[in-house]
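Colleague: You'll find start33.cif just under this line, and it carries mmCIF, C-alpha atoms.
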```
data_protein
loop_
_atom_site.group_PDB
_atom_site.id
_atom_site.type_symbol
_atom_site.label_atom_id
_atom_site.label_comp_id
_atom_site.auth_asym_id
_atom_site.auth_seq_id
_atom_site.Cartn_x
_atom_site.Cartn_y
_atom_site.Cartn_z
ATOM 1 C CA MET C 1 -2.227 1.808 22.728
ATOM 2 C CA THR C 2 0.867 0.857 20.707
ATOM 3 C CA ALA C 3 1.195 4.442 19.504
ATOM 4 C CA LEU C 4 0.852 5.820 23.013
ATOM 5 C CA THR C 5 3.455 3.378 24.344
ATOM 6 C CA LEU C 6 5.925 4.444 21.661
ATOM 7 C CA ILE C 7 5.305 8.138 22.354
ATOM 8 C CA VAL C 8 5.817 7.649 26.107
ATOM 9 C CA ILE C 9 9.070 5.713 25.536
ATOM 10 C CA VAL C 10 10.452 8.385 23.198
ATOM 11 C CA ALA C 11 9.353 11.173 25.550
ATOM 12 C CA LEU C 12 11.144 9.511 28.470
ATOM 13 C CA THR C 13 14.412 8.969 26.572
ATOM 14 C CA SER C 14 14.217 12.566 25.269
ATOM 15 C CA LEU C 15 13.820 13.826 28.815
ATOM 16 C CA GLY C 16 16.747 11.665 29.930
ATOM 17 C CA ALA C 17 18.884 12.953 27.072
ATOM 18 C CA TYR C 18 17.985 16.547 28.003
ATOM 19 C CA VAL C 19 19.056 16.008 31.610
ATOM 20 C CA ILE C 20 22.319 14.296 30.627
ATOM 21 C CA ALA C 21 23.057 16.935 27.957
ATOM 22 C CA THR C 22 22.502 19.922 30.243
ATOM 23 C CA ARG C 23 23.982 18.520 33.454
ATOM 24 C CA GLY C 24 26.506 15.942 32.333
ATOM 25 C CA MET C 25 27.692 17.234 28.967
ATOM 26 C CA GLY C 26 27.439 20.945 29.683
ATOM 27 C CA LEU C 27 25.294 21.809 26.656
ATOM 28 C CA ARG C 28 23.655 25.252 26.806
ATOM 29 C CA ARG C 29 19.851 25.298 27.086
ATOM 30 C CA PRO C 30 19.242 28.366 24.828
ATOM 31 C CA GLU C 31 20.909 26.503 21.945
ATOM 32 C CA LEU C 32 18.164 23.865 21.979
ATOM 33 C CA ARG C 33 15.775 26.057 19.985
ATOM 34 C CA GLY C 34 18.361 26.521 17.248
ATOM 35 C CA ALA C 35 19.058 22.793 17.235
ATOM 36 C CA LEU C 36 15.354 22.060 16.759
ATOM 37 C CA LEU C 37 15.143 24.527 13.864
ATOM 38 C CA GLU C 38 18.227 22.966 12.283
ATOM 39 C CA THR C 39 16.546 19.566 12.648
ATOM 40 C CA LEU C 40 13.614 20.926 10.623
ATOM 41 C CA ASP C 41 16.085 21.929 7.884
ATOM 42 C CA TYR C 42 17.418 18.399 7.905
ATOM 43 C CA LEU C 43 13.905 16.957 7.758
ATOM 44 C CA GLY C 44 13.099 19.258 4.843
ATOM 45 C CA LEU C 45 16.037 17.784 2.963
ATOM 46 C CA ALA C 46 14.828 14.295 3.854
ATOM 47 C CA VAL C 47 11.375 15.077 2.432
ATOM 48 C CA ILE C 48 12.971 16.258 -0.813
ATOM 49 C CA PHE C 49 15.046 13.077 -1.053
ATOM 50 C CA LEU C 50 12.036 10.879 -0.246
ATOM 51 C CA VAL C 51 9.800 12.497 -2.855
ATOM 52 C CA GLY C 52 12.677 12.416 -5.355
ATOM 53 C CA ASN C 53 13.391 8.752 -4.709
ATOM 54 C CA PHE C 54 9.721 7.860 -5.030
ATOM 55 C CA ALA C 55 9.244 9.863 -8.229
ATOM 56 C CA LEU C 56 12.438 8.561 -9.816
ATOM 57 C CA GLY C 57 11.467 5.019 -8.780
ATOM 58 C CA LEU C 58 8.151 5.347 -10.609
ATOM 59 C CA VAL C 59 9.829 6.743 -13.717
ATOM 60 C CA VAL C 60 12.476 3.983 -13.746
ATOM 61 C CA ILE C 61 9.922 1.204 -13.242
ATOM 62 C CA LEU C 62 7.549 2.526 -15.901
ATOM 63 C CA GLY C 63 10.507 3.134 -18.214
ATOM 64 C CA LEU C 64 11.751 -0.430 -17.740
ATOM 65 C CA ARG C 65 8.302 -1.759 -18.517
ATOM 66 C CA ALA C 66 7.992 0.338 -21.650
ATOM 67 C CA LEU C 67 11.510 -0.100 -23.007
ATOM 68 C CA THR C 68 12.424 -3.659 -22.064
ATOM 69 C CA HIS C 69 8.981 -5.285 -21.724
ATOM 70 C CA ARG C 70 10.246 -6.612 -18.408
ATOM 71 C CA PHE C 71 7.739 -6.367 -15.627
ATOM 72 C CA VAL C 72 8.730 -4.723 -12.360
ATOM 73 C CA THR C 73 5.971 -4.081 -9.852
ATOM 74 C CA VAL C 74 5.606 -0.566 -8.457
ATOM 75 C CA TYR C 75 5.003 -2.121 -5.051
ATOM 76 C CA VAL C 76 8.787 -2.393 -4.630
ATOM 77 C CA LEU C 77 8.506 1.294 -3.702
ATOM 78 C CA ASN C 78 6.288 0.417 -0.760
ATOM 79 C CA ASP C 79 9.243 -0.185 1.517
ATOM 80 C CA ALA C 80 10.145 1.548 4.763
ATOM 81 C CA THR C 81 13.847 1.333 3.872
ATOM 82 C CA LEU C 82 13.274 3.994 1.201
ATOM 83 C CA ALA C 83 12.410 6.460 3.981
ATOM 84 C CA VAL C 84 15.416 5.402 6.066
ATOM 85 C CA LEU C 85 17.763 5.745 3.093
ATOM 86 C CA SER C 86 16.287 9.169 2.307
ATOM 87 C CA LEU C 87 16.993 10.232 5.897
ATOM 88 C CA LEU C 88 20.585 9.014 5.496
ATOM 89 C CA GLN C 89 20.999 10.925 2.242
ATOM 90 C CA ALA C 90 19.676 14.063 3.923
ATOM 91 C CA LEU C 91 21.935 13.564 6.937
ATOM 92 C CA VAL C 92 25.048 13.358 4.761
ATOM 93 C CA LEU C 93 24.079 16.457 2.786
ATOM 94 C CA HIS C 94 23.162 18.340 5.960
ATOM 95 C CA CYS C 95 26.497 17.507 7.643
ATOM 96 C CA TRP C 96 28.338 18.442 4.465
ATOM 97 C CA ARG C 97 26.562 21.802 4.338
ATOM 98 C CA THR C 98 27.349 22.445 7.999
ATOM 99 C CA ARG C 99 31.055 21.648 7.557
ATOM 100 C CA SER C 100 31.268 23.781 4.412
ATOM 101 C CA ARG C 101 30.054 26.947 6.203
ATOM 102 C CA MET P 1 16.354 28.122 3.982
ATOM 103 C CA ARG P 2 13.015 29.149 5.423
ATOM 104 C CA GLY P 3 11.297 27.035 2.762
ATOM 105 C CA LEU P 4 13.365 24.008 3.721
ATOM 106 C CA ARG P 5 12.450 24.522 7.360
ATOM 107 C CA LEU P 6 8.739 24.776 6.533
ATOM 108 C CA LEU P 7 9.002 21.658 4.382
ATOM 109 C CA GLY P 8 10.612 19.834 7.297
ATOM 110 C CA LEU P 9 7.830 20.979 9.610
ATOM 111 C CA ALA P 10 5.217 19.867 7.097
ATOM 112 C CA GLY P 11 6.935 16.482 6.778
ATOM 113 C CA LEU P 12 6.965 16.089 10.547
ATOM 114 C CA VAL P 13 3.279 17.001 10.851
ATOM 115 C CA VAL P 14 2.288 14.605 8.055
ATOM 116 C CA PHE P 15 4.389 11.819 9.593
ATOM 117 C CA ALA P 16 2.891 12.298 13.068
ATOM 118 C CA THR P 17 -0.656 12.597 11.763
ATOM 119 C CA MET P 18 -0.423 9.518 9.565
ATOM 120 C CA ALA P 19 1.402 7.347 12.093
ATOM 121 C CA PHE P 20 -0.277 8.334 15.340
ATOM 122 C CA THR P 21 -3.867 9.155 14.364
ATOM 123 C CA PRO P 22 -6.507 7.033 12.576
ATOM 124 C CA LEU P 23 -6.558 9.336 9.514
ATOM 125 C CA ALA P 24 -5.022 6.679 7.244
ATOM 126 C CA ASN P 25 -7.645 4.190 8.450
ATOM 127 C CA TYR P 26 -10.385 6.703 7.712
ATOM 128 C CA ILE P 27 -9.099 7.202 4.151
ATOM 129 C CA ASN P 28 -8.913 3.424 3.768
ATOM 130 C CA ILE P 29 -12.548 3.028 4.792
ATOM 131 C CA ARG P 30 -13.653 5.840 2.488
ATOM 132 C CA MET P 31 -11.883 4.270 -0.497
ATOM 133 C CA ALA P 32 -13.537 0.887 0.110
ATOM 134 C CA GLY P 33 -16.987 2.381 -0.396
ATOM 135 C CA VAL P 34 -20.044 0.459 0.663
ATOM 136 C CA ALA P 35 -19.893 -3.320 0.326
ATOM 137 C CA ARG P 36 -22.712 -4.738 -1.803
ATOM 138 C CA LEU P 37 -22.993 -8.348 -0.814
ATOM 139 C CA GLU P 38 -25.657 -9.742 -3.116
ATOM 140 C CA PRO P 39 -26.062 -13.071 -4.924
ATOM 141 C CA SER P 40 -23.852 -12.932 -8.027
ATOM 142 C CA ASP P 41 -22.603 -15.095 -10.884
ATOM 143 C CA ALA P 42 -19.044 -15.323 -9.528
ATOM 144 C CA ILE P 43 -16.718 -14.114 -6.821
ATOM 145 C CA VAL P 44 -13.575 -12.603 -8.344
ATOM 146 C CA VAL P 45 -10.548 -12.449 -6.064
ATOM 147 C CA LEU P 46 -7.905 -10.175 -7.534
ATOM 148 C CA GLY P 47 -4.212 -10.846 -6.991
ATOM 149 C CA ARG P 48 -2.059 -8.906 -4.578
ATOM 150 C CA GLY P 49 1.559 -9.500 -3.752
ATOM 151 C CA GLY P 50 1.761 -13.018 -5.136
ATOM 152 C CA ALA P 51 3.388 -15.922 -3.340
ATOM 153 C CA ASP P 52 6.913 -16.464 -2.080
ATOM 154 C CA SER P 53 9.128 -19.031 -3.763
ATOM 155 C CA ASP P 54 8.143 -21.542 -1.082
ATOM 156 C CA GLY P 55 4.495 -21.060 -1.997
ATOM 157 C CA ILE P 56 3.458 -18.969 0.994
ATOM 158 C CA LEU P 57 0.912 -16.330 0.033
ATOM 159 C CA THR P 58 1.516 -12.766 1.164
ATOM 160 C CA ASN P 59 -0.632 -11.407 3.970
ATOM 161 C CA ARG P 60 -2.701 -9.290 1.599
ATOM 162 C CA SER P 61 -3.195 -12.131 -0.858
ATOM 163 C CA LEU P 62 -4.255 -14.499 1.911
ATOM 164 C CA ARG P 63 -6.733 -11.969 3.318
ATOM 165 C CA ARG P 64 -8.406 -11.732 -0.046
ATOM 166 C CA VAL P 65 -8.563 -15.511 -0.442
ATOM 167 C CA VAL P 66 -10.147 -15.928 2.979
ATOM 168 C CA ARG P 67 -12.681 -13.223 2.160
ATOM 169 C CA GLY P 68 -13.501 -14.913 -1.167
ATOM 170 C CA ILE P 69 -13.860 -18.346 0.433
ATOM 171 C CA ASP P 70 -16.072 -16.893 3.160
ATOM 172 C CA LEU P 71 -18.353 -15.311 0.549
ATOM 173 C CA TYR P 72 -18.493 -18.594 -1.377
ATOM 174 C CA ARG P 73 -19.387 -20.547 1.741
ATOM 175 C CA GLN P 74 -22.148 -18.069 2.503
ATOM 176 C CA GLY P 75 -23.597 -18.911 -0.898
ATOM 177 C CA PHE P 76 -23.195 -15.574 -2.651
ATOM 178 C CA ALA P 77 -22.011 -17.188 -5.904
ATOM 179 C CA PRO P 78 -21.427 -20.667 -7.344
ATOM 180 C CA LEU P 79 -17.963 -19.816 -8.694
ATOM 181 C CA LEU P 80 -14.775 -18.588 -7.074
ATOM 182 C CA VAL P 81 -12.331 -17.018 -9.515
ATOM 183 C CA PHE P 82 -8.688 -16.413 -8.647
ATOM 184 C CA SER P 83 -6.412 -14.146 -10.629
ATOM 185 C CA GLY P 84 -2.886 -12.804 -10.136
ATOM 186 C CA SER P 85 0.483 -14.396 -10.789
ATOM 187 C CA LEU P 86 0.801 -18.090 -11.686
ATOM 188 C CA GLU P 87 2.149 -19.116 -8.249
ATOM 189 C CA GLU P 88 -0.399 -16.990 -6.450
ATOM 190 C CA ILE P 89 -3.328 -18.514 -8.336
ATOM 191 C CA ARG P 90 -2.041 -22.047 -7.753
ATOM 192 C CA GLU P 91 -1.546 -21.523 -4.037
ATOM 193 C CA ARG P 92 -4.887 -19.774 -3.661
ATOM 194 C CA ALA P 93 -6.653 -22.676 -5.331
ATOM 195 C CA ASN P 94 -4.844 -25.065 -2.954
ATOM 196 C CA VAL P 95 -5.973 -23.026 0.050
ATOM 197 C CA ALA P 96 -9.563 -22.931 -1.216
ATOM 198 C CA ARG P 97 -9.646 -26.706 -1.786
ATOM 199 C CA ALA P 98 -8.116 -27.316 1.648
ATOM 200 C CA LEU P 99 -10.859 -25.194 3.182
ATOM 201 C CA GLY P 100 -13.591 -27.201 1.529
ATOM 202 C CA VAL P 101 -14.362 -25.390 -1.716
ATOM 203 C CA PRO P 102 -15.061 -28.085 -4.340
ATOM 204 C CA GLY P 103 -12.641 -28.163 -7.292
ATOM 205 C CA PRO P 104 -15.280 -27.504 -10.004
ATOM 206 C CA ALA P 105 -16.287 -24.284 -8.221
ATOM 207 C CA ILE P 106 -12.761 -22.884 -8.493
ATOM 208 C CA LEU P 107 -11.761 -21.107 -11.690
ATOM 209 C CA SER P 108 -8.195 -19.991 -12.304
ATOM 210 C CA ALA P 109 -7.709 -17.054 -14.633
ATOM 211 C CA PRO P 110 -4.569 -17.017 -16.792
ATOM 212 C CA ALA P 111 -1.652 -15.312 -15.059
ATOM 213 C CA ALA P 112 -1.633 -11.515 -15.110
ATOM 214 C CA ARG P 113 0.788 -8.886 -13.817
ATOM 215 C CA THR P 114 -1.321 -5.757 -13.442
ATOM 216 C CA THR P 115 -4.906 -5.032 -12.419
ATOM 217 C CA ARG P 116 -5.652 -4.011 -15.997
ATOM 218 C CA GLU P 117 -4.396 -7.387 -17.274
ATOM 219 C CA GLU P 118 -6.363 -9.175 -14.579
ATOM 220 C CA ALA P 119 -9.603 -7.472 -15.639
ATOM 221 C CA GLU P 120 -8.903 -8.503 -19.236
ATOM 222 C CA GLU P 121 -8.130 -12.136 -18.362
ATOM 223 C CA VAL P 122 -11.178 -12.452 -16.110
ATOM 224 C CA ARG P 123 -13.299 -10.963 -18.888
ATOM 225 C CA LYS P 124 -12.066 -13.613 -21.339
ATOM 226 C CA LEU P 125 -12.791 -16.303 -18.755
ATOM 227 C CA LEU P 126 -16.223 -15.281 -17.458
ATOM 228 C CA LEU P 127 -18.117 -13.350 -20.098
ATOM 229 C CA PRO P 128 -18.232 -16.271 -22.590
ATOM 230 C CA LEU P 129 -19.843 -18.277 -19.764
ATOM 231 C CA GLY P 130 -22.486 -15.574 -19.360
ATOM 232 C CA ARG P 131 -21.176 -14.662 -15.906
ATOM 233 C CA LYS P 132 -21.470 -10.897 -15.835
ATOM 234 C CA ASN P 133 -22.460 -10.039 -12.266
ATOM 235 C CA VAL P 134 -19.486 -10.401 -9.955
ATOM 236 C CA LEU P 135 -18.597 -9.847 -6.345
ATOM 237 C CA LEU P 136 -15.193 -8.212 -6.473
ATOM 238 C CA VAL P 137 -12.771 -8.965 -3.645
ATOM 239 C CA SER P 138 -9.977 -6.463 -3.284
ATOM 240 C CA ASP P 139 -8.322 -4.346 -0.620
ATOM 241 C CA PRO P 140 -10.247 -1.181 0.265
ATOM 242 C CA ILE P 141 -7.503 1.041 -1.080
ATOM 243 C CA ASP P 142 -7.438 -0.723 -4.473
ATOM 244 C CA MET P 143 -11.190 -0.989 -4.847
ATOM 245 C CA PRO P 144 -12.018 2.217 -6.799
ATOM 246 C CA ARG P 145 -9.476 1.482 -9.554
ATOM 247 C CA ALA P 146 -10.138 -2.272 -9.621
ATOM 248 C CA ARG P 147 -13.874 -1.703 -9.774
ATOM 249 C CA ALA P 148 -13.569 0.827 -12.588
ATOM 250 C CA LEU P 149 -11.377 -1.537 -14.614
ATOM 251 C CA MET P 150 -13.756 -4.469 -14.122
ATOM 252 C CA GLU P 151 -16.760 -2.352 -15.089
ATOM 253 C CA ARG P 152 -14.902 -1.154 -18.149
ATOM 254 C CA ALA P 153 -14.246 -4.812 -19.026
ATOM 255 C CA GLY P 154 -18.008 -5.357 -19.104
ATOM 256 C CA PHE P 155 -18.884 -6.595 -15.621
ATOM 257 C CA THR P 156 -21.544 -5.450 -13.195
ATOM 258 C CA VAL P 157 -19.468 -5.133 -10.060
ATOM 259 C CA ARG P 158 -20.524 -5.526 -6.439
ATOM 260 C CA PRO P 159 -17.666 -4.518 -4.174
ATOM 261 C CA ALA P 160 -16.692 -6.899 -1.390
ATOM 262 C CA PRO P 161 -13.622 -5.289 0.152
ATOM 263 C CA THR P 162 -11.482 -7.063 2.702
ATOM 264 C CA ALA P 163 -11.571 -5.728 6.270
ATOM 265 C CA ALA P 164 -11.817 -1.994 5.866
ATOM 266 C CA SER P 165 -10.538 -0.419 9.042
ATOM 267 C CA GLY P 166 -6.878 -1.221 8.406
ATOM 268 C CA PRO P 167 -4.022 -1.520 10.873
ATOM 269 C CA SER P 168 -3.635 0.342 14.160
ATOM 270 C CA GLN P 169 0.151 0.136 14.605
ATOM 271 C CA PRO P 170 2.063 3.286 13.547
ATOM 272 C CA GLU P 171 4.429 1.546 11.110
ATOM 273 C CA ALA P 172 1.580 -0.404 9.515
ATOM 274 C CA ARG P 173 -0.360 2.848 9.138
ATOM 275 C CA LEU P 174 2.620 4.372 7.355
ATOM 276 C CA GLY P 175 2.599 1.308 5.082
ATOM 277 C CA LEU P 176 -1.034 2.104 4.332
ATOM 278 C CA VAL P 177 -0.054 5.668 3.428
ATOM 279 C CA ARG P 178 2.630 4.336 1.066
ATOM 280 C CA ASP P 179 -0.020 2.078 -0.482
ATOM 281 C CA LEU P 180 -2.260 5.088 -0.890
ATOM 282 C CA LEU P 181 0.490 7.046 -2.674
ATOM 283 C CA ILE P 182 1.176 4.134 -5.013
ATOM 284 C CA GLU P 183 -2.541 3.715 -5.679
ATOM 285 C CA LEU P 184 -2.896 7.411 -6.508
ATOM 286 C CA SER P 185 0.094 7.120 -8.855
ATOM 287 C CA ALA P 186 -1.464 4.053 -10.505
ATOM 288 C CA TRP P 187 -4.783 5.850 -10.869
ATOM 289 C CA THR P 188 -3.056 8.822 -12.489
ATOM 290 C CA PHE P 189 -1.052 6.541 -14.800
ATOM 291 C CA TYR P 190 -4.190 4.670 -15.888
ATOM 292 C CA ARG P 191 -5.998 7.940 -16.546
ATOM 293 C CA VAL P 192 -3.108 9.346 -18.574
ATOM 294 C CA THR P 193 -2.750 6.165 -20.639
ATOM 295 C CA GLY P 194 -6.504 5.944 -21.222
ATOM 296 C CA ALA P 195 -7.009 2.687 -19.321
ATOM 297 C CA LEU P 196 -9.662 4.387 -17.187
#
```
Could you express the structure from this file as structure tokens?

Modeller:
Amino acid sequence: MTALTLIVIVALTSLGAYVIATRGMGLRRPELRGALLETLDYLGLAVIFLVGNFALGLVVILGLRALTHRFVTVYVLNDATLAVLSLLQALVLHCWRTRSR
Amino acid sequence: MRGLRLLGLAGLVVFATMAFTPLANYINIRMAGVARLEPSDAIVVLGRGGADSDGILTNRSLRRVVRGIDLYRQGFAPLLVFSGSLEEIRERANVARALGVPGPAILSAPAARTTREEAEEVRKLLLPLGRKNVLLVSDPIDMPRARALMERAGFTVRPAPTAASGPSQPEARLGLVRDLLIELSAWTFYRVTGAL
């Protein structure tokens, strides 16, 4: 039920944004497909950052344990902020790529 | 470029599947295996997440304690063993006493930081007492590794996982997926280092 509620909310705001974008902001409808594909590029970057952050986190934690005999739990990597930060990293790189074209 | 796009699509599909379908719950249930609730020599409650500085146990830790106390009160074993960090063990023992478990029935293992250390400390505590058959309380997702480590330490293990279905909220399901990834990493690490 929670999942369905969230999906309905996001669907409604997406529909609202579409109406405002096409009627109020004058955005062209055929460009939406390209925008969605570009979003997938951005998400691909985010996946790379997320996997990289997770893998590097494991290596750093295990390295700290081995080299310093200080204990750091791997559960610090179980944090939603890692995904958010990965999205931010990807967003910056994506915008940079776009501006550099 | 096309590869990046496909990766993004794959990420989106995995995200939607894990957050908005019960797949993560299904994996959780599968990892728990079948609970074997039989009379045993001791109930071993492994640590998870510790306690905050103000002595409040984490959600996961508390779930395990409640499960262990419930099993004790049902008469499955005469001993309730807590392991984990020092604060976690202390607070768990306090909770157990407050819920009516008599002090002599509570055993506190020396503090340990990893599941491997916990298995070793519980071994040193229980095997000299001749307590070999244990009910093992752990989260479903941790159970395969925890069970293997306890069996390797010399115990006959009967799994008693905490509630197996897992959460139903999307974010909590994603947390379960992160747990699963960490557990798979831990399993791989233990295999590579010869602990399993």

Colleague: Of the candidates P:Arg90, P:Arg191, P:Arg67, P:Arg178, which shows the shortest atom-to-atom distance to Thr162 of chain P, using only C-alpha atoms?

Modeller: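 Among the listed residues, P:Arg67 lies closest to Thr162 of chain P.
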
Colleague: For a quick check of understanding, using all atoms listed in the file, which of P:Asn28, P:Thr188, P:Thr21, P:Thr58 has the smallest distance to chain C?

Modeller: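 Looking only at the distances to chain C, the closest residue turns out to be P:Thr21.
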
Colleague: With a cut-off of 12 Å, could you pull out the residues of chain P touching chain C and give me the nearest pair of atoms for each, distance in Å to one decimal, using all atoms listed in the file, ordered by chain and ascending number, as JSON lines?

Modeller:
```
{"residue": "P:Met1", "atom": "CA", "partner": "C:Asp41", "partner_atom": "CA", "distance": 7.3}
{"residue": "P:Arg2", "atom": "CA", "partner": "C:Asp41", "partner_atom": "CA", "distance": 8.2}
{"residue": "P:Gly3", "atom": "CA", "partner": "C:Gly44", "partner_atom": "CA", "distance": 8.2}
{"residue": "P:Leu4", "atom": "CA", "partner": "C:Gly44", "partner_atom": "CA", "distance": 4.9}
{"residue": "P:Arg5", "atom": "CA", "partner": "C:Asp41", "partner_atom": "CA", "distance": 4.5}
{"residue": "P:Leu6", "atom": "CA", "partner": "C:Gly44", "partner_atom": "CA", "distance": 7.2}
{"residue": "P:Leu7", "atom": "CA", "partner": "C:Gly44", "partner_atom": "CA", "distance": 4.8}
{"residue": "P:Gly8", "atom": "CA", "partner": "C:Gly44", "partner_atom": "CA", "distance": 3.5}
{"residue": "P:Leu9", "atom": "CA", "partner": "C:Leu40", "partner_atom": "CA", "distance": 5.9}
{"residue": "P:Ala10", "atom": "CA", "partner": "C:Gly44", "partner_atom": "CA", "distance": 8.2}
{"residue": "P:Gly11", "atom": "CA", "partner": "C:Val47", "partner_atom": "CA", "distance": 6.4}
{"residue": "P:Leu12", "atom": "CA", "partner": "C:Leu43", "partner_atom": "CA", "distance": 7.5}
{"residue": "P:Val13", "atom": "CA", "partner": "C:Leu40", "partner_atom": "CA", "distance": 11.1}
{"residue": "P:Val14", "atom": "CA", "partner": "C:Val47", "partner_atom": "CA", "distance": 10.7}
{"residue": "P:Phe15", "atom": "CA", "partner": "C:Val47", "partner_atom": "CA", "distance": 10.5}
{"residue": "P:Ala16", "atom": "CA", "partner": "C:Ala3", "partner_atom": "CA", "distance": 10.3}
{"residue": "P:Thr17", "atom": "CA", "partner": "C:Ala3", "partner_atom": "CA", "distance": 11.4}
{"residue": "P:Met18", "atom": "CA", "partner": "C:Ala3", "partner_atom": "CA", "distance": 11.3}
{"residue": "P:Ala19", "atom": "CA", "partner": "C:Ala3", "partner_atom": "CA", "distance": 8.0}
{"residue": "P:Phe20", "atom": "CA", "partner": "C:Ala3", "partner_atom": "CA", "distance": 5.9}
{"residue": "P:Thr21", "atom": "CA", "partner": "C:Ala3", "partner_atom": "CA", "distance": 8.6}
{"residue": "P:Pro22", "atom": "CA", "partner": "C:Ala3", "partner_atom": "CA", "distance": 10.7}
{"residue": "P:Arg48", "atom": "CA", "partner": "C:Tyr75", "partner_atom": "CA", "distance": 9.8}
{"residue": "P:Gly49", "atom": "CA", "partner": "C:Tyr75", "partner_atom": "CA", "distance": 8.2}
{"residue": "P:Gly50", "atom": "CA", "partner": "C:Thr73", "partner_atom": "CA", "distance": 10.9}
{"residue": "P:Ser85", "atom": "CA", "partner": "C:Thr73", "partner_atom": "CA", "distance": 11.7}
{"residue": "P:Ala112", "atom": "CA", "partner": "C:Phe71", "partner_atom": "CA", "distance": 10.7}
{"residue": "P:Arg113", "atom": "CA", "partner": "C:Phe71", "partner_atom": "CA", "distance": 7.6}
{"residue": "P:Thr114", "atom": "CA", "partner": "C:Thr73", "partner_atom": "CA", "distance": 8.3}
{"residue": "P:Thr115", "atom": "CA", "partner": "C:Thr73", "partner_atom": "CA", "distance": 11.2}
{"residue": "P:Pro167", "atom": "CA", "partner": "C:Thr2", "partner_atom": "CA", "distance": 11.2}
{"residue": "P:Ser168", "atom": "CA", "partner": "C:Thr2", "partner_atom": "CA", "distance": 8.0}
{"residue": "P:Gln169", "atom": "CA", "partner": "C:Thr2", "partner_atom": "CA", "distance": 6.2}
{"residue": "P:Pro170", "atom": "CA", "partner": "C:Ala3", "partner_atom": "CA", "distance": 6.1}
{"residue": "P:Glu171", "atom": "CA", "partner": "C:Ala80", "partner_atom": "CA", "distance": 8.5}
{"residue": "P:Ala172", "atom": "CA", "partner": "C:Ala80", "partner_atom": "CA", "distance": 10.0}
{"residue": "P:Arg173", "atom": "CA", "partner": "C:Ala3", "partner_atom": "CA", "distance": 10.6}
{"residue": "P:Leu174", "atom": "CA", "partner": "C:Ala80", "partner_atom": "CA", "distance": 8.4}
{"residue": "P:Gly175", "atom": "CA", "partner": "C:Asn78", "partner_atom": "CA", "distance": 7.0}
{"residue": "P:Leu176", "atom": "CA", "partner": "C:Asn78", "partner_atom": "CA", "distance": 9.1}
{"residue": "P:Val177", "atom": "CA", "partner": "C:Asn78", "partner_atom": "CA", "distance": 9.2}
{"residue": "P:Arg178", "atom": "CA", "partner": "C:Asn78", "partner_atom": "CA", "distance": 5.7}
{"residue": "P:Asp179", "atom": "CA", "partner": "C:Asn78", "partner_atom": "CA", "distance": 6.5}
{"residue": "P:Leu180", "atom": "CA", "partner": "C:Asn78", "partner_atom": "CA", "distance": 9.7}
{"residue": "P:Leu181", "atom": "CA", "partner": "C:Asn78", "partner_atom": "CA", "distance": 9.0}
{"residue": "P:Ile182", "atom": "CA", "partner": "C:Val74", "partner_atom": "CA", "distance": 7.3}
{"residue": "P:Glu183", "atom": "CA", "partner": "C:Tyr75", "partner_atom": "CA", "distance": 9.6}
{"residue": "P:Leu184", "atom": "CA", "partner": "C:Val74", "partner_atom": "CA", "distance": 11.8}
{"residue": "P:Ser185", "atom": "CA", "partner": "C:Leu58", "partner_atom": "CA", "distance": 8.4}
{"residue": "P:Ala186", "atom": "CA", "partner": "C:Val74", "partner_atom": "CA", "distance": 8.7}
{"residue": "P:Thr188", "atom": "CA", "partner": "C:Leu58", "partner_atom": "CA", "distance": 11.9}
{"residue": "P:Phe189", "atom": "CA", "partner": "C:Leu62", "partner_atom": "CA", "distance": 9.6}
{"residue": "P:Tyr190", "atom": "CA", "partner": "C:Leu62", "partner_atom": "CA", "distance": 11.9}
{"residue": "P:Thr193", "atom": "CA", "partner": "C:Leu62", "partner_atom": "CA", "distance": 11.9}
```

Colleague: May I have the residues at most 8 Å from (-21.7, -17.5, -8.0) in the file's coordinates, counting all atoms listed in the file, as a ChimeraX atom specification?

Modeller: /P:39-43,72,75-80,134

Colleague: Using C-alpha atoms, can you export the residues from the last selection as an mmCIF file, in the coordinates of the input?

Modeller:
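The resulting result.cif:
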```cif
data_model
loop_
_atom_site.group_PDB
_atom_site.id
_atom_site.type_symbol
_atom_site.label_atom_id
_atom_site.label_comp_id
_atom_site.auth_asym_id
_atom_site.auth_seq_id
_atom_site.Cartn_x
_atom_site.Cartn_y
_atom_site.Cartn_z
ATOM 1 C CA PRO P 39 -26.062 -13.071 -4.924
ATOM 2 C CA SER P 40 -23.852 -12.932 -8.027
ATOM 3 C CA ASP P 41 -22.603 -15.095 -10.884
ATOM 4 C CA ALA P 42 -19.044 -15.323 -9.528
ATOM 5 C CA ILE P 43 -16.718 -14.114 -6.821
ATOM 6 C CA TYR P 72 -18.493 -18.594 -1.377
ATOM 7 C CA GLY P 75 -23.597 -18.911 -0.898
ATOM 8 C CA PHE P 76 -23.195 -15.574 -2.651
ATOM 9 C CA ALA P 77 -22.011 -17.188 -5.904
ATOM 10 C CA PRO P 78 -21.427 -20.667 -7.344
ATOM 11 C CA LEU P 79 -17.963 -19.816 -8.694
ATOM 12 C CA LEU P 80 -14.775 -18.588 -7.074
ATOM 13 C CA VAL P 134 -19.486 -10.401 -9.955
#
```

Colleague: List the neighbours of Gly154 of chain P out to 9 Å using only C-alpha atoms; skip same-chain residues closer than 6 positions along the sequence, and give me the result as an mmCIF file with C-alpha atoms, in the coordinates of the input.

Modeller:
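Below is the file selection.cif, written as the result:
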```cif
data_model
loop_
_atom_site.group_PDB
_atom_site.id
_atom_site.type_symbol
_atom_site.label_atom_id
_atom_site.label_comp_id
_atom_site.auth_asym_id
_atom_site.auth_seq_id
_atom_site.Cartn_x
_atom_site.Cartn_y
_atom_site.Cartn_z
ATOM 1 C CA ARG P 123 -13.299 -10.963 -18.888
ATOM 2 C CA LEU P 127 -18.117 -13.350 -20.098
ATOM 3 C CA LYS P 132 -21.470 -10.897 -15.835
#
```
